[in-house]
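Source file: target_25.txt; contents: compact mmCIF, C-alpha atoms and all ligand atoms.
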```txt
# COMPACT_ATOMS: atom_id res chain seq x y z
CA MET A 24 14.24 6.76 -8.35
CA THR A 25 14.22 8.05 -4.79
CA ILE A 26 11.49 9.98 -2.96
CA GLU A 27 12.29 12.40 -0.18
CA PHE A 28 10.01 14.50 2.03
CA ARG A 29 11.73 17.22 4.05
CA ASP A 30 9.58 18.66 6.82
CA VAL A 31 6.54 18.87 4.56
CA HIS A 32 3.52 20.88 5.66
CA ALA A 33 0.39 20.78 3.51
CA SER A 34 -3.33 21.52 3.63
CA TYR A 35 -6.36 21.82 1.38
CA ASP A 36 -7.38 25.15 2.87
CA THR A 37 -4.78 27.13 4.75
CA ASP A 38 -6.85 27.17 7.98
CA THR A 39 -6.66 23.41 8.57
CA PRO A 40 -3.15 21.93 8.58
CA ILE A 41 -3.22 18.34 7.32
CA LEU A 42 0.47 17.37 7.08
CA LYS A 43 2.37 18.83 10.02
CA GLY A 44 6.05 18.32 9.22
CA VAL A 45 6.41 15.01 7.39
CA SER A 46 9.93 13.74 6.62
CA PHE A 47 10.96 10.39 5.13
CA HIS A 48 13.14 8.87 2.45
CA VAL A 49 12.33 6.05 0.03
CA ASP A 50 15.28 4.41 -1.71
CA ASP A 51 15.49 3.59 -5.40
CA GLY A 52 13.69 0.28 -6.01
CA GLU A 53 12.29 0.03 -2.47
CA PHE A 54 8.77 -1.21 -1.62
CA VAL A 55 7.37 0.92 1.20
CA ALA A 56 3.90 0.71 2.74
CA PHE A 57 2.12 3.64 4.41
CA VAL A 58 -0.28 2.66 7.16
CA GLY A 59 -2.33 4.51 9.77
CA THR A 60 -5.81 5.48 10.89
CA ASN A 61 -8.44 7.06 8.64
CA GLY A 62 -7.67 10.71 8.08
CA ALA A 63 -4.00 10.34 9.14
CA GLY A 64 -2.87 12.03 5.91
CA LYS A 65 -1.73 9.03 3.84
CA SER A 66 -3.63 9.94 0.65
CA THR A 67 -2.56 13.57 1.07
CA THR A 68 1.06 12.39 1.25
CA MET A 69 0.55 10.40 -1.98
CA ARG A 70 -0.91 13.49 -3.70
CA LEU A 71 2.26 15.35 -2.81
CA VAL A 72 4.42 12.61 -4.37
CA ASN A 73 2.71 12.96 -7.73
CA GLY A 74 2.50 16.74 -7.51
CA LEU A 75 -1.32 17.00 -7.39
CA LEU A 76 -0.69 18.96 -4.22
CA LYS A 77 2.34 21.16 -3.48
CA PRO A 78 3.87 21.64 -0.04
CA GLU A 79 3.14 24.88 1.81
CA LYS A 80 6.41 24.45 3.63
CA GLY A 81 9.25 21.99 3.17
CA GLU A 82 10.17 20.03 0.06
CA VAL A 83 9.13 16.93 -1.88
CA LEU A 84 12.00 15.62 -3.99
CA ILE A 85 11.74 12.99 -6.72
CA ASP A 86 15.22 11.75 -7.49
CA GLY A 87 16.57 14.90 -5.91
CA VAL A 88 14.38 17.33 -7.88
CA SER A 89 11.65 19.32 -6.12
CA THR A 90 8.10 18.70 -7.39
CA VAL A 91 7.59 22.46 -7.67
CA GLU A 92 10.36 22.58 -10.26
CA LEU A 93 8.92 19.76 -12.37
CA LYS A 94 6.21 20.32 -14.99
CA THR A 95 3.10 18.12 -14.64
CA SER A 96 4.16 16.10 -17.71
CA GLU A 97 7.68 15.63 -16.31
CA LEU A 98 6.22 14.34 -13.04
CA ALA A 99 3.77 12.07 -14.88
CA ARG A 100 6.69 10.45 -16.69
CA ARG A 101 8.36 9.72 -13.36
CA VAL A 102 5.42 8.84 -11.10
CA GLY A 103 2.46 6.54 -11.89
CA PHE A 104 -0.46 7.00 -9.51
CA LEU A 105 -3.27 4.62 -8.65
CA PHE A 106 -6.08 6.55 -6.95
CA GLN A 107 -7.87 5.28 -3.85
CA ASN A 108 -10.99 4.87 -6.02
CA PRO A 109 -10.38 3.56 -9.59
CA ASP A 110 -13.44 5.45 -10.86
CA ASN A 111 -11.53 8.68 -10.28
CA GLN A 112 -9.07 7.84 -13.00
CA ILE A 113 -11.01 5.91 -15.64
CA CYS A 114 -12.29 8.21 -18.38
CA SER A 115 -12.37 6.32 -21.72
CA SER A 116 -15.14 4.32 -23.35
CA THR A 117 -13.11 1.15 -24.03
CA VAL A 118 -10.39 -0.70 -22.19
CA ARG A 119 -7.92 -0.23 -25.08
CA GLU A 120 -8.61 3.53 -25.24
CA GLU A 121 -8.11 3.76 -21.48
CA LEU A 122 -4.71 2.12 -21.79
CA LEU A 123 -3.73 4.42 -24.67
CA PHE A 124 -4.91 7.50 -22.76
CA GLY A 125 -1.73 8.00 -20.74
CA PHE A 126 0.48 7.85 -23.84
CA ARG A 127 -1.81 10.36 -25.58
CA ALA A 128 -1.67 12.71 -22.58
CA LEU A 129 2.13 12.50 -22.52
CA GLY A 130 2.41 13.00 -26.30
CA ARG A 131 4.00 9.56 -26.66
CA LEU A 132 1.36 7.78 -28.75
CA ASP A 133 3.31 5.79 -31.36
CA ALA A 134 3.69 2.21 -32.61
CA ASN A 135 5.73 1.25 -29.54
CA ALA A 136 3.00 2.53 -27.25
CA GLU A 137 0.34 0.60 -29.18
CA ALA A 138 2.42 -2.58 -28.97
CA ARG A 139 2.91 -2.08 -25.22
CA VAL A 140 -0.85 -1.65 -24.76
CA GLU A 141 -1.54 -4.96 -26.54
CA GLU A 142 1.10 -6.65 -24.36
CA ILE A 143 -0.54 -5.35 -21.17
CA ILE A 144 -4.04 -6.37 -22.35
CA GLU A 145 -2.70 -9.90 -22.75
CA GLU A 146 -0.78 -9.89 -19.47
CA PHE A 147 -3.72 -8.60 -17.42
CA GLY A 148 -6.28 -10.79 -19.21
CA LEU A 149 -8.45 -7.79 -20.15
CA ASN A 150 -10.94 -7.54 -23.02
CA PRO A 151 -9.85 -4.49 -25.09
CA ASP A 152 -13.37 -3.68 -26.31
CA ASP A 153 -15.09 -3.74 -22.91
CA ASP A 154 -16.67 -0.55 -21.60
CA PRO A 155 -14.70 0.23 -18.40
CA PHE A 156 -17.80 1.53 -16.60
CA LEU A 157 -19.64 -1.76 -17.08
CA LEU A 158 -16.83 -3.84 -15.52
CA ASN A 159 -17.08 -5.13 -11.97
CA ARG A 160 -15.12 -3.39 -9.17
CA GLY A 161 -12.20 -5.84 -9.27
CA THR A 162 -11.71 -5.63 -13.04
CA ARG A 163 -12.00 -1.82 -12.96
CA GLN A 164 -9.25 -1.77 -10.34
CA LEU A 165 -7.18 -4.09 -12.51
CA LEU A 166 -7.70 -1.77 -15.50
CA ALA A 167 -6.73 1.28 -13.43
CA LEU A 168 -3.55 -0.56 -12.38
CA ALA A 169 -2.89 -1.64 -15.98
CA SER A 170 -3.15 1.98 -17.12
CA ILE A 171 -0.28 2.81 -14.71
CA VAL A 172 1.85 -0.27 -15.42
CA VAL A 173 1.62 0.28 -19.19
CA LEU A 174 3.52 3.58 -18.87
CA ASP A 175 6.55 1.95 -17.16
CA THR A 176 7.14 4.84 -14.76
CA PRO A 177 10.11 4.37 -12.40
CA VAL A 178 7.97 5.31 -9.36
CA VAL A 179 4.55 3.78 -8.74
CA VAL A 180 2.24 5.14 -6.03
CA LEU A 181 -0.69 2.95 -5.05
CA ASP A 182 -3.43 4.28 -2.78
CA GLU A 183 -5.16 1.21 -1.29
CA PRO A 184 -4.86 -1.05 -4.34
CA THR A 185 -6.67 -3.99 -2.71
CA THR A 186 -9.58 -2.30 -0.94
CA GLY A 187 -12.93 -3.67 -2.09
CA LEU A 188 -11.39 -6.66 -3.87
CA ASP A 189 -12.17 -10.28 -3.07
CA PHE A 190 -9.31 -12.62 -2.14
CA ARG A 191 -8.70 -13.89 -5.70
CA GLU A 192 -8.66 -10.35 -7.15
CA CYS A 193 -6.40 -9.17 -4.32
CA VAL A 194 -3.87 -11.94 -5.06
CA LYS A 195 -3.95 -11.07 -8.78
CA VAL A 196 -3.38 -7.35 -8.15
CA MET A 197 -0.60 -7.96 -5.62
CA ARG A 198 1.20 -10.40 -7.93
CA ILE A 199 1.29 -7.71 -10.58
CA ILE A 200 2.59 -5.17 -8.05
CA ARG A 201 5.27 -7.63 -6.92
CA ARG A 202 6.41 -8.12 -10.54
CA LEU A 203 6.55 -4.35 -10.93
CA HIS A 204 8.78 -4.15 -7.87
CA GLU A 205 10.98 -7.00 -9.11
CA SER A 206 11.42 -5.18 -12.39
CA GLY A 207 13.06 -2.33 -10.43
CA ALA A 208 10.25 0.19 -9.83
CA THR A 209 10.12 2.14 -6.57
CA ILE A 210 6.76 1.24 -4.99
CA VAL A 211 4.90 3.30 -2.41
CA MET A 212 1.62 1.75 -1.27
CA VAL A 213 -1.05 2.89 1.17
CA CYS A 214 -2.72 -0.17 2.64
CA HIS A 215 -5.14 -1.00 5.46
CA ASP A 216 -4.63 -4.75 5.16
CA MET A 217 -1.72 -5.72 7.40
CA GLU A 218 -1.58 -9.22 5.90
CA VAL A 219 -0.83 -7.64 2.52
CA VAL A 220 1.66 -5.23 4.09
CA ALA A 221 3.46 -8.09 5.87
CA ASP A 222 3.61 -10.16 2.70
CA PHE A 223 4.86 -7.49 0.32
CA ALA A 224 6.37 -4.37 1.88
CA GLU A 225 10.07 -4.16 2.79
CA ARG A 226 9.56 -1.15 5.01
CA VAL A 227 6.59 0.49 6.72
CA ILE A 228 5.93 4.16 7.49
CA VAL A 229 3.21 4.76 10.06
CA MET A 230 1.20 7.99 10.04
CA SER A 231 -1.08 9.49 12.64
CA ASP A 232 -2.66 12.94 12.67
CA GLY A 233 -0.53 14.37 9.86
CA ARG A 234 2.80 13.07 11.17
CA VAL A 235 5.10 10.08 10.74
CA VAL A 236 4.99 8.28 14.09
CA ASP A 237 7.12 5.23 13.28
CA GLU A 238 9.08 3.70 10.43
CA GLY A 239 11.34 0.75 9.88
CA PRO A 240 11.57 -2.77 8.46
CA THR A 241 8.05 -4.25 8.14
CA PHE A 242 8.21 -6.82 10.94
CA GLU A 243 9.96 -4.50 13.39
CA VAL A 244 7.22 -1.91 12.98
CA LEU A 245 4.35 -4.40 13.04
CA ARG A 246 5.70 -6.01 16.23
CA ASN A 247 5.84 -2.71 18.08
CA ARG A 248 2.91 -2.73 20.51
CA HIS A 249 3.03 1.04 21.04
CA THR A 250 2.92 1.69 17.29
CA LEU A 251 0.07 -0.78 16.81
CA GLU A 252 -1.89 1.02 19.49
CA VAL A 253 -1.18 4.59 18.33
CA ALA A 254 -2.14 3.78 14.74
CA SER A 255 -4.98 1.38 15.67
CA LEU A 256 -3.41 -1.35 13.56
CA VAL A 257 -4.52 -4.96 13.62
CA PRO A 258 -1.24 -6.88 13.31
CA PRO A 259 -0.98 -9.62 10.69
CA GLN A 260 -1.62 -13.14 12.02
CA ILE A 261 2.04 -14.09 11.82
CA VAL A 262 3.00 -11.20 14.10
CA ASP A 263 0.01 -11.80 16.35
CA ILE A 264 1.03 -15.42 16.87
CA SER A 265 4.68 -14.57 17.35
CA LEU A 266 3.76 -11.92 19.97
CA ALA A 267 1.61 -14.50 21.74
CA LEU A 268 4.40 -17.07 21.57
CA SER A 269 6.85 -14.64 23.10
CA LEU A 270 4.45 -14.30 26.05
CA VAL A 271 4.09 -18.08 26.22
CA ARG A 272 7.86 -18.31 26.31
CA GLN A 273 7.79 -16.10 29.41
CA ASP A 274 4.97 -18.25 30.86
CA LEU A 275 7.01 -21.38 30.42
CA ARG A 276 9.56 -19.78 32.75
CA GLY A 277 12.43 -19.76 30.35
CA THR A 278 11.76 -23.08 28.60
CA PRO A 279 12.32 -22.29 24.92
CA VAL A 280 9.08 -22.87 23.01
CA THR A 281 10.91 -24.91 20.40
CA GLN A 282 11.66 -27.46 23.14
CA ALA A 283 8.04 -27.82 24.27
CA ASN A 284 7.15 -31.37 23.34
CA ASP A 285 3.41 -31.18 23.75
CA LEU A 286 2.02 -29.09 20.91
CA ASP A 287 -1.43 -29.08 22.44
CA GLU A 288 -0.05 -27.69 25.69
CA MET A 289 1.72 -24.93 23.78
CA CYS A 290 -1.39 -24.02 21.77
CA ASP A 291 -3.42 -23.98 24.97
CA ALA A 292 -0.98 -21.47 26.41
CA VAL A 293 -1.23 -19.33 23.25
CA ALA A 294 -5.00 -19.55 23.45
CA GLN A 295 -4.91 -18.34 27.07
CA VAL A 296 -2.76 -15.37 26.11
CA LYS A 297 -5.02 -14.66 23.15
CA ASP A 298 -8.10 -15.26 25.31
CA VAL A 299 -9.62 -17.78 22.88
CA GLU A 300 -10.61 -21.40 23.22
CA TYR A 301 -8.22 -23.83 21.58
CA LEU A 302 -9.95 -26.91 20.19
CA GLY A 303 -6.79 -28.39 18.68
CA ALA A 304 -6.44 -31.89 17.33
CA ARG A 305 -8.66 -33.37 20.04
CA GLY A 306 -11.30 -30.70 19.35
CA LEU A 307 -11.29 -31.55 15.66
CA GLU A 308 -11.68 -35.22 16.49
CA GLY A 309 -14.90 -34.29 18.24
CA GLY A 310 -13.76 -35.02 21.79
CA SER A 311 -14.42 -32.54 24.57
CA ARG A 312 -11.62 -30.99 26.55
N1 LIG B 401 -9.99 17.29 -0.86
C1 LIG B 401 -9.98 17.58 0.44
N2 LIG B 401 -10.38 18.77 0.91
C2 LIG B 401 -10.37 19.07 2.23
N3 LIG B 401 -9.93 18.21 3.18
C3 LIG B 401 -9.52 17.00 2.78
C4 LIG B 401 -9.52 16.62 1.40
N4 LIG B 401 -9.04 15.35 1.31
C5 LIG B 401 -8.77 14.97 2.57
N5 LIG B 401 -9.05 15.96 3.45
C6 LIG B 401 -8.85 15.90 4.91
O1 LIG B 401 -7.47 15.69 5.16
C7 LIG B 401 -7.26 14.78 6.25
C8 LIG B 401 -6.36 13.67 5.79
O2 LIG B 401 -7.03 12.96 4.77
P1 LIG B 401 -6.34 11.82 3.92
O3 LIG B 401 -7.32 11.47 2.84
O4 LIG B 401 -4.98 12.23 3.52
O5 LIG B 401 -6.25 10.66 5.01
P2 LIG B 401 -5.95 9.12 4.83
O6 LIG B 401 -4.90 8.78 5.80
O7 LIG B 401 -5.72 8.80 3.40
O8 LIG B 401 -7.34 8.46 5.32
P3 LIG B 401 -8.10 7.14 4.78
O9 LIG B 401 -7.44 5.99 5.45
O10 LIG B 401 -9.52 7.36 5.28
O11 LIG B 401 -8.03 7.09 3.29
C9 LIG B 401 -8.67 14.34 6.69
O12 LIG B 401 -9.01 15.08 7.81
C10 LIG B 401 -9.55 14.68 5.52
O13 LIG B 401 -10.85 15.02 5.96
MG MG B 402 -6.70 7.68 1.99
```

Now, as a test, write the supplied structure out as structure tokens.
Amino acid sequence: MTIEFRDVHASYDTDTPILKGVSFHVDDGEFVAFVGTNGAGKSTTMRLVNGLLKPEKGEVLIDGVSTVELKTSELARRVGFLFQNPDNQICSSTVREELLFGFRALGRLDANAEARVEEIIEEFGLNPDDDPFLLNRGTRQLLALASIVVLDTPVVVLDEPTTGLDFRECVKVMRIIRRLHESGATIVMVCHDMEVVADFAERVIVMSDGRVVDEGPTFEVLRNRHTLEVASLVPPQIVDISLALSLVRQDLRGTPVTQANDLDEMCDAVAQVKDVEYLGARGLEGGSR
């Protein structure tokens, strides 16, 4: 399913505009990341996708249909939503009940739904009888994600799915999201971690002060110095190194980096550009430079 914003204006109280004319398009089956500074309006944009908030001006279209024309239950069948804080969406006393909750709310609780819940419990490695509120942060996040995945919605909106997770939990959550994408779901993800964005998103939309300030294929956007500055983004290491190498290439007065035969010399040059000390192989051997 596609998502389209056409000149969307939105606010929580009419005196303070939050979204100031947001337009973008997400293709069917695409994986798009939203990035930007705190307060840029990313979560607000996500709330408009799932209809929690309606536009004051402009239109939000899910597969060509405006969210104001769709009933809450119709939207819920189309869009799964992972909140920025998992505690905002967990409300049952056991893991199994939590996973059944969505089916109950949509009036779809039947044998198929129960079978799907058992499948997801197995896939996510959850204990069905655990009390969700006694789980650690990472497992609660996993449960919140499972409660979305179980419903098999064609659009999945994820507001910072990896925040607060340790590396192992982050990898687990992102593998599940990747599988979801591979199975054909349209994924929209807000994320502060540019390493995660670089690894998973096909396209990036950058927001600042209630507006879209840049969008494009992930690496094009994350290599754009102006964009990085406007949105205060820390580029992923791969981009950081490639930006430094492009400067080194200029330093070497046209000698292509791939032809540099002294790796240490090249790393030294990168280190100078990056203003860090390179210890390199000799450093690791304990020698001084
Ligand atoms: N429920 C609310 N009521 C009033 N104002 C709100 C509400 N939620 C957010 N805002 C305001 O709307 C603006 C945009 O907030 P939003 O949460 O969309 O930003 P964000 O890009 O998701 O930021 P973050 O990276 O911190 O999550 C902020 O100025 C925020 O204070
Ligand atoms: Mg937010």

Environment of ligand LIG 401 (chain B) within 9 Å, counting all atoms listed in the file, reported as number ranges by chain: A: 34-36, 39-42, 57-70, 107, 182-183, 213-215, 230-233

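Ranking A:Ile144, A:Leu105, A:Leu158, A:Leu268 by their shortest atom-to-atom distance to ligand MG 402 (chain B), with only C-alpha atoms and all ligand atoms included, puts A:Leu105 first.
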
Shell around A:Pro258 at 8 Å using all atoms listed in the file, local window under 2 positions removed, as a PyMOL selection string: chain A and resi 217-218+245-246+251+256+260+262-263

If I put a ball of radius 10 Å at (-8.0, -0.4, -14.3) in the file's coordinates, which residues poke into it when counting all atoms listed in the file, written as a VMD selection string? chain A and resid 105 109 to 110 112 to 113 118 121 to 122 147 149 155 158 160 to 172

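For the pair atom CA of A:Val236 and atom CA of A:His48, the interatomic distance is 14.2 Å.
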
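Shortest separation to A:Lys195 among A:Asp50, A:Glu92, A:Glu146, A:Glu141 occurs at residue A:Glu146, atoms counted being all atoms listed in the file.
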
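Nearest to ligand MG 402 (chain B) of all the residues A:Thr250, A:Thr95, A:Asn108, A:Thr37 is A:Asn108, based on all atoms listed in the file.
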
Considering all atoms listed in the file, state which residue in the set A:Thr186, A:Thr117, A:Thr25, A:Asn159 is at the smallest distance from ligand MG 402 (chain B). A:Thr186

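Minimum atom-to-atom distance to A:Ser89, evaluated using only C-alpha atoms, belongs to A:Glu27 out of A:Asp222, A:Asp153, A:Glu192, A:Glu27.
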
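Taking atom CA of A:Pro78 and atom CA of A:Ser46 as the two end points, the separation is 12.0 Å.
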
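Proximity to ligand MG 402 (chain B) was assessed for A:Glu82, A:Phe106, A:Val45, A:Phe242 counting all atoms listed in the file; the smallest distance is recorded for A:Phe106.
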
Taking 2 positions as the minimum chain separation for residues in the same chain, which residues sit within 12 Å of A:Ile85 when counting all atoms listed in the file? Answer as a PyMOL selection string. chain A and resi 24-29+48-51+71-74+82-83+87-93+97-102+177-179+209

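Pairwise distance (atom CA of A:Glu225, atom CA of A:Ala56) equals 7.9 Å.
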
Contacts of A:Phe124 within 10 Å, only C-alpha atoms, excl. fewer than 5 positions in-chain, as a VMD selection string: chain A and resid 113 to 115 118 to 119 129 to 132 170

Identify the residues within 8 Å of coordinate (1.9, -4.1, -5.4) (same frame as the file), considering only C-alpha atoms, and give the answer as a PDB file with C-alpha atoms, keeping the file's coordinate frame.
```
ATOM      1  CA  LEU A 181      -0.690   2.950  -5.050  1.00  0.00           C
ATOM      2  CA  PRO A 184      -4.860  -1.050  -4.340  1.00  0.00           C
ATOM      3  CA  VAL A 196      -3.380  -7.350  -8.150  1.00  0.00           C
ATOM      4  CA  MET A 197      -0.600  -7.960  -5.620  1.00  0.00           C
ATOM      5  CA  ARG A 198       1.200 -10.400  -7.930  1.00  0.00           C
ATOM      6  CA  ILE A 199       1.290  -7.710 -10.580  1.00  0.00           C
ATOM      7  CA  ILE A 200       2.590  -5.170  -8.050  1.00  0.00           C
ATOM      8  CA  ARG A 201       5.270  -7.630  -6.920  1.00  0.00           C
ATOM      9  CA  ARG A 202       6.410  -8.120 -10.540  1.00  0.00           C
ATOM     10  CA  LEU A 203       6.550  -4.350 -10.930  1.00  0.00           C
ATOM     11  CA  HIS A 204       8.780  -4.150  -7.870  1.00  0.00           C
ATOM     12  CA  ILE A 210       6.760   1.240  -4.990  1.00  0.00           C
ATOM     13  CA  MET A 212       1.620   1.750  -1.270  1.00  0.00           C
ATOM     14  CA  PHE A 223       4.860  -7.490   0.320  1.00  0.00           C
TER      15      PHE A 223
END
```

Enclose stretch 111-115 of chain A, meaning all of its atoms listed in the file, in a box aligned along x, y and z, pad it by 6 Å on each side, and list the centre and edge lengths in Å to one decimal, as lines of an AutoDock Vina configuration file.
```
center_x = -10.7
center_y = 7.3
center_z = -16.0
size_x = 15.3
size_y = 14.8
size_z = 23.4
```
